[in-house]
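Trainee: File follows, protein-v3.txt with compact mmCIF, C-alpha atoms and all ligand atoms:
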# COMPACT_ATOMS: atom_id res chain seq x y z
CA MET E 3 -13.87 5.11 -5.51
CA GLY E 4 -11.77 5.78 -8.59
CA TRP E 5 -8.63 3.88 -9.39
CA PHE E 6 -6.54 5.17 -12.26
CA LYS E 7 -8.27 7.96 -14.12
CA ARG E 8 -7.67 8.17 -17.83
CA LEU E 9 -7.16 11.83 -18.66
CA LYS E 10 -6.43 11.28 -22.36
CA GLU E 11 -6.08 8.21 -24.53
CA GLY E 12 -2.69 6.48 -24.42
CA ILE E 13 -0.57 4.83 -21.77
CA GLN E 14 -0.36 6.99 -18.74
CA THR E 15 -0.65 7.00 -15.03
CA ALA E 16 -2.94 9.69 -13.81
CA THR E 17 -1.40 11.19 -10.72
CA LYS E 18 -3.99 13.87 -10.14
CA HIS E 19 -6.62 12.56 -7.82
CA LYS E 20 -8.42 13.87 -4.83
CA LYS E 21 -6.86 13.66 -1.44
CA GLU E 22 -7.53 10.30 0.19
CA VAL E 23 -9.18 11.52 3.36
CA PRO E 24 -10.60 15.01 2.96
CA ASP E 25 -10.13 17.68 5.61
CA GLY E 26 -13.14 19.24 7.24
CA VAL E 27 -15.95 18.32 9.58
CA TRP E 28 -18.03 16.05 7.34
CA PHE E 29 -17.28 12.84 5.53
CA LYS E 30 -19.43 11.54 2.68
CA CYS E 31 -18.88 7.84 1.98
CA ASP E 32 -18.08 6.92 -1.63
CA ALA E 33 -19.71 3.51 -1.18
CA CYS E 34 -23.03 4.17 0.60
CA LYS E 35 -23.22 7.97 0.07
CA GLU E 36 -24.14 8.44 3.72
CA THR E 37 -22.67 11.31 5.70
CA SER E 38 -20.79 11.01 8.99
CA THR E 39 -18.51 13.36 10.86
CA MET E 40 -14.76 13.15 10.38
CA LYS E 41 -14.49 12.52 14.10
CA GLU E 42 -16.75 9.46 13.83
CA LEU E 43 -14.75 8.26 10.85
CA LYS E 44 -11.40 8.62 12.62
CA GLU E 45 -12.68 6.94 15.77
CA ASN E 46 -13.87 4.07 13.60
CA PHE E 47 -10.36 3.43 12.15
CA PHE E 48 -11.28 5.28 8.95
CA MET E 49 -14.03 2.78 8.17
CA CYS E 50 -17.40 4.25 7.22
CA PRO E 51 -19.52 4.12 10.42
CA LYS E 52 -22.58 3.32 8.30
CA CYS E 53 -21.40 0.61 5.89
CA HIS E 54 -17.91 -0.42 7.08
CA TYR E 55 -16.29 0.75 3.82
CA HIS E 56 -12.52 1.03 4.30
CA VAL E 57 -11.50 4.54 3.29
CA ARG E 58 -8.06 4.82 1.69
CA ILE E 59 -5.55 6.11 4.21
CA GLY E 60 -1.83 6.81 4.21
CA SER E 61 1.22 5.31 5.90
CA HIS E 62 1.10 7.58 8.96
CA ASP E 63 -2.52 6.66 9.69
CA TYR E 64 -1.48 2.99 9.76
CA PHE E 65 1.53 3.70 11.99
CA ASP E 66 -0.71 5.52 14.48
CA MET E 67 -3.13 2.61 14.39
CA ILE E 68 -0.59 -0.21 14.74
CA PHE E 69 2.19 0.96 17.04
CA ASP E 70 2.03 1.57 20.79
CA GLU E 71 1.72 5.29 21.27
CA GLY E 72 4.95 7.22 20.85
CA THR E 73 7.10 4.15 20.18
CA TYR E 74 7.76 4.33 16.47
CA GLU E 75 10.50 5.99 14.52
CA GLU E 76 10.51 6.71 10.80
CA LEU E 77 13.55 5.49 8.91
CA PHE E 78 15.47 6.07 5.67
CA LEU E 79 13.90 9.50 5.14
CA THR E 80 16.87 10.83 3.19
CA LEU E 81 16.35 8.41 0.27
CA LYS E 82 14.77 10.32 -2.60
CA SER E 83 13.95 9.42 -6.18
CA TYR E 84 15.53 11.34 -9.02
CA ASP E 85 15.09 11.32 -12.77
CA PHE E 86 18.23 9.48 -13.87
CA LEU E 87 16.76 8.52 -17.28
CA GLU E 88 15.52 12.06 -18.03
CA PHE E 89 12.21 10.41 -18.78
CA THR E 90 9.29 12.40 -20.13
CA ASP E 91 5.76 11.12 -20.72
CA LEU E 92 3.02 13.73 -20.45
CA LYS E 93 5.42 15.72 -18.33
CA PRO E 94 9.01 15.16 -17.23
CA TYR E 95 9.46 12.70 -14.36
CA LYS E 96 11.44 15.40 -12.56
CA VAL E 97 8.34 17.63 -12.57
CA ARG E 98 6.12 14.72 -11.50
CA LEU E 99 8.39 14.15 -8.52
CA GLU E 100 8.41 17.84 -7.59
CA ASP E 101 4.59 17.91 -7.77
CA ALA E 102 4.41 14.78 -5.62
CA TYR E 103 6.72 16.31 -2.97
CA GLU E 104 4.60 19.42 -2.91
CA LYS E 105 1.24 17.65 -2.57
CA ASN E 106 2.26 14.98 -0.08
CA GLN E 107 3.44 14.80 3.48
CA VAL E 108 5.59 11.83 2.55
CA SER E 109 8.74 11.86 0.43
CA GLU E 110 8.13 8.57 -1.40
CA ALA E 111 5.44 6.01 -2.21
CA ILE E 112 6.56 3.97 0.80
CA THR E 113 7.45 4.94 4.36
CA VAL E 114 9.28 2.66 6.78
CA ALA E 115 8.94 2.78 10.55
CA CYS E 116 10.14 0.64 13.43
CA GLY E 117 8.35 0.50 16.76
CA LYS E 118 6.48 -1.62 19.29
CA VAL E 119 3.14 -3.42 19.05
CA MET E 120 1.94 -4.35 22.53
CA GLU E 121 5.61 -4.14 23.55
CA LYS E 122 6.90 -6.37 20.75
CA GLY E 123 9.19 -5.00 18.05
CA LEU E 124 7.90 -4.70 14.48
CA VAL E 125 9.19 -3.11 11.26
CA VAL E 126 6.40 -1.70 9.06
CA ALA E 127 6.74 -0.49 5.47
CA ALA E 128 3.51 1.17 4.31
CA MET E 129 2.73 2.51 0.86
CA ASP E 130 1.10 5.84 0.01
CA PHE E 131 -1.12 5.79 -3.07
CA SER E 132 -1.17 9.59 -3.16
CA PHE E 133 2.51 9.60 -4.15
CA ILE E 134 2.54 8.86 -7.92
CA GLY E 135 -0.10 6.14 -7.57
CA GLY E 136 1.92 4.23 -4.98
CA SER E 137 4.22 3.20 -7.80
CA MET E 138 7.35 1.15 -7.13
CA GLY E 139 10.57 2.78 -8.32
CA SER E 140 14.16 2.28 -7.20
CA VAL E 141 13.68 4.06 -3.89
CA VAL E 142 10.62 1.99 -2.96
CA GLY E 143 12.66 -1.14 -3.70
CA GLU E 144 15.62 0.14 -1.70
CA LYS E 145 13.45 1.06 1.28
CA ILE E 146 11.90 -2.40 1.30
CA ALA E 147 15.38 -3.92 1.10
CA ARG E 148 16.56 -1.82 4.06
CA ALA E 149 13.40 -2.55 6.05
CA THR E 150 14.05 -6.25 5.49
CA GLU E 151 17.67 -5.89 6.56
CA LEU E 152 16.57 -4.13 9.72
CA ALA E 153 14.09 -6.92 10.54
CA LEU E 154 16.92 -9.43 9.99
CA LYS E 155 19.34 -7.52 12.18
CA LYS E 156 16.85 -6.97 15.01
CA LYS E 157 15.25 -10.41 14.55
CA ILE E 158 11.76 -8.94 14.58
CA PRO E 159 8.90 -9.45 12.07
CA LEU E 160 8.27 -7.30 9.01
CA LEU E 161 4.88 -6.04 7.86
CA ILE E 162 4.45 -4.51 4.41
CA ILE E 163 1.20 -2.68 3.70
CA SER E 164 0.66 -2.53 -0.06
CA ARG E 165 -1.41 0.05 -1.90
CA SER E 166 -0.04 0.47 -5.38
CA GLY E 167 -0.73 0.83 -9.08
CA GLY E 168 2.40 -1.19 -9.89
CA ALA E 169 5.90 -0.49 -11.15
CA ARG E 170 6.91 3.14 -11.80
CA MET E 171 7.09 3.33 -15.57
CA GLN E 172 9.11 6.56 -15.47
CA GLU E 173 12.02 4.45 -14.20
CA SER E 174 11.57 1.89 -16.96
CA ALA E 175 13.52 -1.36 -16.46
CA PHE E 176 14.95 -0.07 -13.17
CA SER E 177 11.51 -0.27 -11.62
CA LEU E 178 11.11 -3.84 -12.88
CA MET E 179 14.42 -4.79 -11.24
CA GLN E 180 12.80 -3.97 -7.90
CA LEU E 181 10.62 -7.07 -8.27
CA ALA E 182 13.73 -9.26 -8.17
CA LYS E 183 15.47 -7.15 -5.55
CA THR E 184 12.60 -7.14 -3.04
CA SER E 185 11.87 -10.84 -3.62
CA ALA E 186 15.54 -11.76 -3.05
CA MET E 187 15.68 -9.78 0.20
CA LEU E 188 12.52 -11.43 1.49
CA THR E 189 14.04 -14.84 0.77
CA LYS E 190 16.80 -13.96 3.24
CA LEU E 191 14.16 -13.20 5.84
CA ALA E 192 12.44 -16.52 5.16
CA LYS E 193 15.76 -18.40 5.50
CA ALA E 194 16.31 -16.73 8.86
CA LYS E 195 12.76 -17.85 9.85
CA ILE E 196 11.66 -14.31 10.63
CA PRO E 197 7.94 -13.75 9.89
CA PHE E 198 6.90 -11.51 7.02
CA PHE E 199 3.28 -10.33 7.01
CA SER E 200 1.79 -8.87 3.85
CA LEU E 201 -1.32 -6.72 4.12
CA LEU E 202 -2.96 -5.92 0.80
CA THR E 203 -5.21 -2.88 0.65
CA ASP E 204 -7.23 -1.17 -2.07
CA PRO E 205 -5.74 -1.21 -4.69
CA THR E 206 -2.82 -3.65 -4.88
CA THR E 207 -1.94 -4.23 -8.52
CA GLY E 208 0.81 -4.68 -11.10
CA GLY E 209 4.44 -5.25 -10.16
CA VAL E 210 3.74 -5.09 -6.44
CA THR E 211 1.28 -8.00 -6.66
CA ALA E 212 3.85 -9.77 -8.84
CA SER E 213 6.51 -9.51 -6.15
CA PHE E 214 6.57 -8.79 -2.43
CA SER E 215 2.80 -8.42 -1.81
CA MET E 216 2.14 -12.10 -2.46
CA LEU E 217 5.27 -13.44 -0.73
CA GLY E 218 4.14 -13.10 2.87
CA ASP E 219 4.28 -15.99 5.29
CA LEU E 220 0.74 -14.75 5.74
CA ASN E 221 -0.99 -12.74 3.02
CA PHE E 222 -4.12 -10.95 4.17
CA ALA E 223 -6.25 -8.10 2.90
CA GLU E 224 -8.69 -5.43 3.93
CA PRO E 225 -12.30 -6.20 2.89
CA ASN E 226 -13.35 -5.51 -0.68
CA ALA E 227 -9.91 -4.33 -1.87
CA LEU E 228 -9.05 -4.51 -5.57
CA ILE E 229 -6.16 -6.97 -5.89
CA GLY E 230 -4.76 -8.18 -9.20
CA PHE E 231 -2.01 -7.89 -11.76
CA ALA E 232 -3.65 -6.22 -14.77
CA GLY E 233 -6.84 -4.26 -14.16
CA PRO E 234 -10.24 -5.89 -14.84
CA ARG E 235 -10.90 -3.74 -17.91
CA VAL E 236 -7.62 -4.76 -19.56
CA ILE E 237 -8.31 -8.46 -18.89
CA LYS E 238 -11.87 -8.19 -20.17
CA GLU E 239 -10.69 -6.54 -23.38
CA THR E 240 -7.95 -9.14 -23.85
CA ILE E 241 -9.95 -12.32 -23.27
CA LYS E 242 -13.17 -10.84 -24.73
CA LYS E 243 -15.25 -12.46 -22.01
CA ASP E 244 -17.23 -11.13 -19.09
CA LEU E 245 -15.49 -11.56 -15.78
CA PRO E 246 -17.10 -13.36 -12.83
CA GLU E 247 -18.81 -11.22 -10.25
CA GLY E 248 -16.52 -9.83 -7.59
CA PHE E 249 -13.45 -10.67 -9.69
CA GLN E 250 -10.21 -9.33 -8.12
CA THR E 251 -11.77 -8.45 -4.80
CA SER E 252 -10.28 -9.64 -1.50
CA GLU E 253 -13.26 -11.96 -1.02
CA PHE E 254 -12.81 -13.55 -4.46
CA LEU E 255 -9.09 -14.07 -3.84
CA LEU E 256 -9.73 -15.62 -0.43
CA GLU E 257 -12.22 -18.04 -1.95
CA HIS E 258 -9.65 -19.03 -4.59
CA GLY E 259 -6.83 -19.61 -2.14
CA PHE E 260 -4.67 -16.54 -2.76
CA LEU E 261 -5.20 -15.03 0.67
CA ASP E 262 -5.02 -16.46 4.17
CA PHE E 263 -7.72 -14.24 5.64
CA ILE E 264 -9.50 -10.91 5.39
CA LEU E 265 -9.00 -8.49 8.21
CA SER E 266 -11.17 -5.57 9.20
CA ARG E 267 -9.01 -2.55 10.04
CA ASP E 268 -10.17 -2.32 13.65
CA GLN E 269 -8.75 -5.83 14.22
CA LEU E 270 -5.34 -5.10 12.70
CA ARG E 271 -3.34 -4.21 15.80
CA SER E 272 -4.64 -7.03 18.01
CA LYS E 273 -4.29 -9.59 15.20
CA LEU E 274 -0.68 -8.57 14.56
CA SER E 275 0.08 -8.88 18.24
CA ASP E 276 -1.50 -12.35 18.36
CA LEU E 277 0.42 -13.48 15.28
CA MET E 278 3.69 -12.19 16.72
CA ASP E 279 3.06 -14.11 19.96
CA TYR E 280 2.16 -17.21 18.05
CA LEU E 281 5.07 -17.14 15.62
CA SER E 282 7.88 -16.00 17.89
ZN ZN N 301 -20.45 3.99 3.77
Show this structure as structure tokens.
Ligand SMILES: [Zn+2]
Mentor:
Amino acid sequence: MGWFKRLKEGIQTATKHKKEVPDGVWFKCDACKETSTMKELKENFFMCPKCHYHVRIGSHDYFDMIFDEGTYEELFLTLKSYDFLEFTDLKPYKVRLEDAYEKNQVSEAITVACGKVMEKGLVVAAMDFSFIGGSMGSVVGEKIARATELALKKKIPLLIISRSGGARMQESAFSLMQLAKTSAMLTKLAKAKIPFFSLLTDPTTGGVTASFSMLGDLNFAEPNALIGFAGPRVIKETIKKDLPEGFQTSEFLLEHGFLDFILSRDQLRSKLSDLMDYLS
């Protein structure tokens, strides 16, 4: 499973990568190289039926998995990023956005929905890595702020599912401001004693890890997800030392006290329901 792919030397975010879950009849697992059918994979919550590897999926797959059937509604769909800095790296940000709209079924790196989980209300904001590496720009920050406001207004819990390469560098300092903005909004939720659950999935890195992803009342992760601030290669080159085995995996973070638990995807819906019963 690739993370960021370096196309050329220099600072860049590669946005060309294969589709997360391929179409077709067969699925070949990146982890164990075994083949299953797509039907088997879907029925197994997009976990490899042979080795339990959690395949990267998008926001809508999580919504279908979490919410009671037909109860959720997508929100804030009219919010769209635009290139207010006229920023160009390898290509203009404007073109990057147009490419992302064309390739994706979602209109941003995060999608918000509100619905019911075993008849209890929940707001979910889920990130899509396929949209410019799940990067956090102004619209991602604004959608999280609005999702938080909605949870406050309805007095129901908030779940954020992170899958991100970090802040969106094409929005420069404006993307960094989202760290403060999202953190401030979540403080309001905490003051109102409304639960915030943070689910970290592969990969959760950079500015997202440095803000909302680690601020949950409960922080939990899918098995074997890459979670960190800087990537392992950058750290290794900086400290000039080998990193411990399993560094920056969910299991390593759990052992070192950064996570509350690790949750297999097939347990997600029932666990959320239990937590909502327990905390309400
Ligand atoms: Zn496998």
Trainee: Could you name the residues that touch Met120 in chain E at 9 Å or less, counting all atoms listed in the file, but leaving out those on the same chain fewer than 4 positions away, as a list in words?
Mentor: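 My list of contacting residues is Phe69, Asp70, Arg271, Ser272 and Ser275 of chain E.
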Trainee: Any residue with an atom at most 9 Å from ligand ZN 301 (chain N) counts, using all atoms listed in the file. Which are they? Put them as a list in words.
Mentor: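 These are the residues that qualify: Lys30, Cys31, Asp32, Ala33, Cys34, Lys35, Glu36, Thr37, Ser38, Met49, Cys50, Pro51, Lys52, Cys53, His54, Tyr55, His56 and Val57 of chain E.
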Trainee: Between CA of Phe231 in chain E and CA of Asp244 in chain E, what is the spacing in Å?
Mentor: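 Separating CA of Asp244 in chain E from CA of Phe231 in chain E is a distance of 17.2 Å.
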Trainee: Skip Thr189 in chain E itself and residues of its chain fewer than 5 positions away, then list as a count of residues only all residues within 10 Å of it, counting only C-alpha atoms.
Mentor: 5
Trainee: If I take CA of Leu261 in chain E and CA of Phe222 in chain E, how far is one from the other in Å, to one decimal?
Mentor: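 Answer for the CA of Leu261 in chain E to CA of Phe222 in chain E separation: 5.5 Å.
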Trainee: With all atoms listed in the file counted, which protein, DNA or RNA residues have an atom no more than 7 Å from (3.3, -11.5, 5.3) in the file frame? Please answer as a PyMOL selection string.
Mentor: chain E and resi 161+197-201+217-221
Trainee: At what distance in Å, to one decimal, does CA of Tyr74 in chain E lie from CA of Ser185 in chain E?
Mentor: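 Calculated distance between CA of Ser185 in chain E and CA of Tyr74 in chain E is 25.5 Å.
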Trainee: Using all atoms listed in the file, pick whichever of E:Tyr84, E:Phe89, E:Phe47, E:Phe133 has the shortest atom-to-atom distance to Asn106 in chain E.
Mentor: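 Of all the options, E:Phe133 lies closest to Asn106 in chain E.
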Trainee: Which residues come within 10 Å of Ile59 in chain E, counting only C-alpha atoms, excluding same-chain residues fewer than 3 positions away, as a list of chain:residue names?
Mentor: E:Lys21, E:Glu22, E:Val23, E:Phe47, E:Phe48, E:Met49, E:His56, E:His62, E:Asp63, E:Tyr64, E:Met129, E:Asp130, E:Phe131, E:Ser132, E:Arg165, E:Thr203, E:Asp204
Trainee: Name the residues in contact with Gly208 in chain E at a cut-off of 12 Å, using only C-alpha atoms, excluding same-chain residues fewer than 6 positions from it; report them as a PyMOL selection string.
Mentor: chain E and resi 135-138+164-171+177-178+181+214-216+228-234+236
Trainee: Please, could N, CA, C and O atoms be added to range 57-73 of chain E and the result written as a PDB file, keeping the file's coordinate frame?
Mentor:
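Full text of result.pdb as output:
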ATOM      1  N   VAL E  57     -11.975   3.353   4.002  1.00  0.00           N
ATOM      2  CA  VAL E  57     -11.500   4.540   3.290  1.00  0.00           C
ATOM      3  C   VAL E  57      -9.987   4.425   3.088  1.00  0.00           C
ATOM      4  O   VAL E  57      -9.280   3.922   3.972  1.00  0.00           O
ATOM      5  N   ARG E  58      -9.504   4.856   1.934  1.00  0.00           N
ATOM      6  CA  ARG E  58      -8.060   4.820   1.690  1.00  0.00           C
ATOM      7  C   ARG E  58      -7.333   5.784   2.618  1.00  0.00           C
ATOM      8  O   ARG E  58      -7.685   6.960   2.680  1.00  0.00           O
ATOM      9  N   ILE E  59      -6.333   5.263   3.304  1.00  0.00           N
ATOM     10  CA  ILE E  59      -5.550   6.110   4.210  1.00  0.00           C
ATOM     11  C   ILE E  59      -4.069   5.966   3.896  1.00  0.00           C
ATOM     12  O   ILE E  59      -3.685   5.110   3.096  1.00  0.00           O
ATOM     13  N   GLY E  60      -3.261   6.794   4.502  1.00  0.00           N
ATOM     14  CA  GLY E  60      -1.830   6.810   4.210  1.00  0.00           C
ATOM     15  C   GLY E  60      -1.004   6.085   5.266  1.00  0.00           C
ATOM     16  O   GLY E  60      -1.526   5.593   6.270  1.00  0.00           O
ATOM     17  N   SER E  61       0.302   6.048   5.022  1.00  0.00           N
ATOM     18  CA  SER E  61       1.220   5.310   5.900  1.00  0.00           C
ATOM     19  C   SER E  61       1.145   5.773   7.359  1.00  0.00           C
ATOM     20  O   SER E  61       1.114   4.943   8.267  1.00  0.00           O
ATOM     21  N   HIS E  62       1.071   7.080   7.576  1.00  0.00           N
ATOM     22  CA  HIS E  62       1.100   7.580   8.960  1.00  0.00           C
ATOM     23  C   HIS E  62      -0.159   7.183   9.741  1.00  0.00           C
ATOM     24  O   HIS E  62      -0.098   6.949  10.943  1.00  0.00           O
ATOM     25  N   ASP E  63      -1.291   7.106   9.027  1.00  0.00           N
ATOM     26  CA  ASP E  63      -2.520   6.660   9.690  1.00  0.00           C
ATOM     27  C   ASP E  63      -2.361   5.217  10.180  1.00  0.00           C
ATOM     28  O   ASP E  63      -2.801   4.868  11.269  1.00  0.00           O
ATOM     29  N   TYR E  64      -1.722   4.392   9.339  1.00  0.00           N
ATOM     30  CA  TYR E  64      -1.480   2.990   9.760  1.00  0.00           C
ATOM     31  C   TYR E  64      -0.505   2.934  10.930  1.00  0.00           C
ATOM     32  O   TYR E  64      -0.710   2.165  11.870  1.00  0.00           O
ATOM     33  N   PHE E  65       0.546   3.725  10.878  1.00  0.00           N
ATOM     34  CA  PHE E  65       1.530   3.700  11.990  1.00  0.00           C
ATOM     35  C   PHE E  65       0.832   4.054  13.307  1.00  0.00           C
ATOM     36  O   PHE E  65       1.043   3.395  14.324  1.00  0.00           O
ATOM     37  N   ASP E  66       0.001   5.099  13.262  1.00  0.00           N
ATOM     38  CA  ASP E  66      -0.710   5.520  14.480  1.00  0.00           C
ATOM     39  C   ASP E  66      -1.626   4.419  14.995  1.00  0.00           C
ATOM     40  O   ASP E  66      -1.838   4.275  16.200  1.00  0.00           O
ATOM     41  N   MET E  67      -2.182   3.662  14.056  1.00  0.00           N
ATOM     42  CA  MET E  67      -3.130   2.610  14.390  1.00  0.00           C
ATOM     43  C   MET E  67      -2.447   1.358  14.957  1.00  0.00           C
ATOM     44  O   MET E  67      -2.971   0.681  15.816  1.00  0.00           O
ATOM     45  N   ILE E  68      -1.253   1.060  14.429  1.00  0.00           N
ATOM     46  CA  ILE E  68      -0.590  -0.210  14.740  1.00  0.00           C
ATOM     47  C   ILE E  68       0.316  -0.119  15.966  1.00  0.00           C
ATOM     48  O   ILE E  68       0.274  -0.977  16.850  1.00  0.00           O
ATOM     49  N   PHE E  69       1.143   0.912  16.010  1.00  0.00           N
ATOM     50  CA  PHE E  69       2.190   0.960  17.040  1.00  0.00           C
ATOM     51  C   PHE E  69       1.663   1.465  18.389  1.00  0.00           C
ATOM     52  O   PHE E  69       0.728   2.267  18.440  1.00  0.00           O
ATOM     53  N   ASP E  70       2.300   1.007  19.461  1.00  0.00           N
ATOM     54  CA  ASP E  70       2.030   1.570  20.790  1.00  0.00           C
ATOM     55  C   ASP E  70       2.374   3.056  20.716  1.00  0.00           C
ATOM     56  O   ASP E  70       3.350   3.444  20.066  1.00  0.00           O
ATOM     57  N   GLU E  71       1.592   3.839  21.406  1.00  0.00           N
ATOM     58  CA  GLU E  71       1.720   5.290  21.270  1.00  0.00           C
ATOM     59  C   GLU E  71       3.138   5.783  21.567  1.00  0.00           C
ATOM     60  O   GLU E  71       3.740   5.424  22.575  1.00  0.00           O
ATOM     61  N   GLY E  72       3.651   6.579  20.668  1.00  0.00           N
ATOM     62  CA  GLY E  72       4.950   7.220  20.850  1.00  0.00           C
ATOM     63  C   GLY E  72       6.150   6.289  20.757  1.00  0.00           C
ATOM     64  O   GLY E  72       7.249   6.648  21.168  1.00  0.00           O
ATOM     65  N   THR E  73       5.971   5.086  20.193  1.00  0.00           N
ATOM     66  CA  THR E  73       7.100   4.150  20.180  1.00  0.00           C
ATOM     67  C   THR E  73       7.763   4.009  18.809  1.00  0.00           C
ATOM     68  O   THR E  73       8.775   3.343  18.694  1.00  0.00           O
TER      69      THR E  73
END
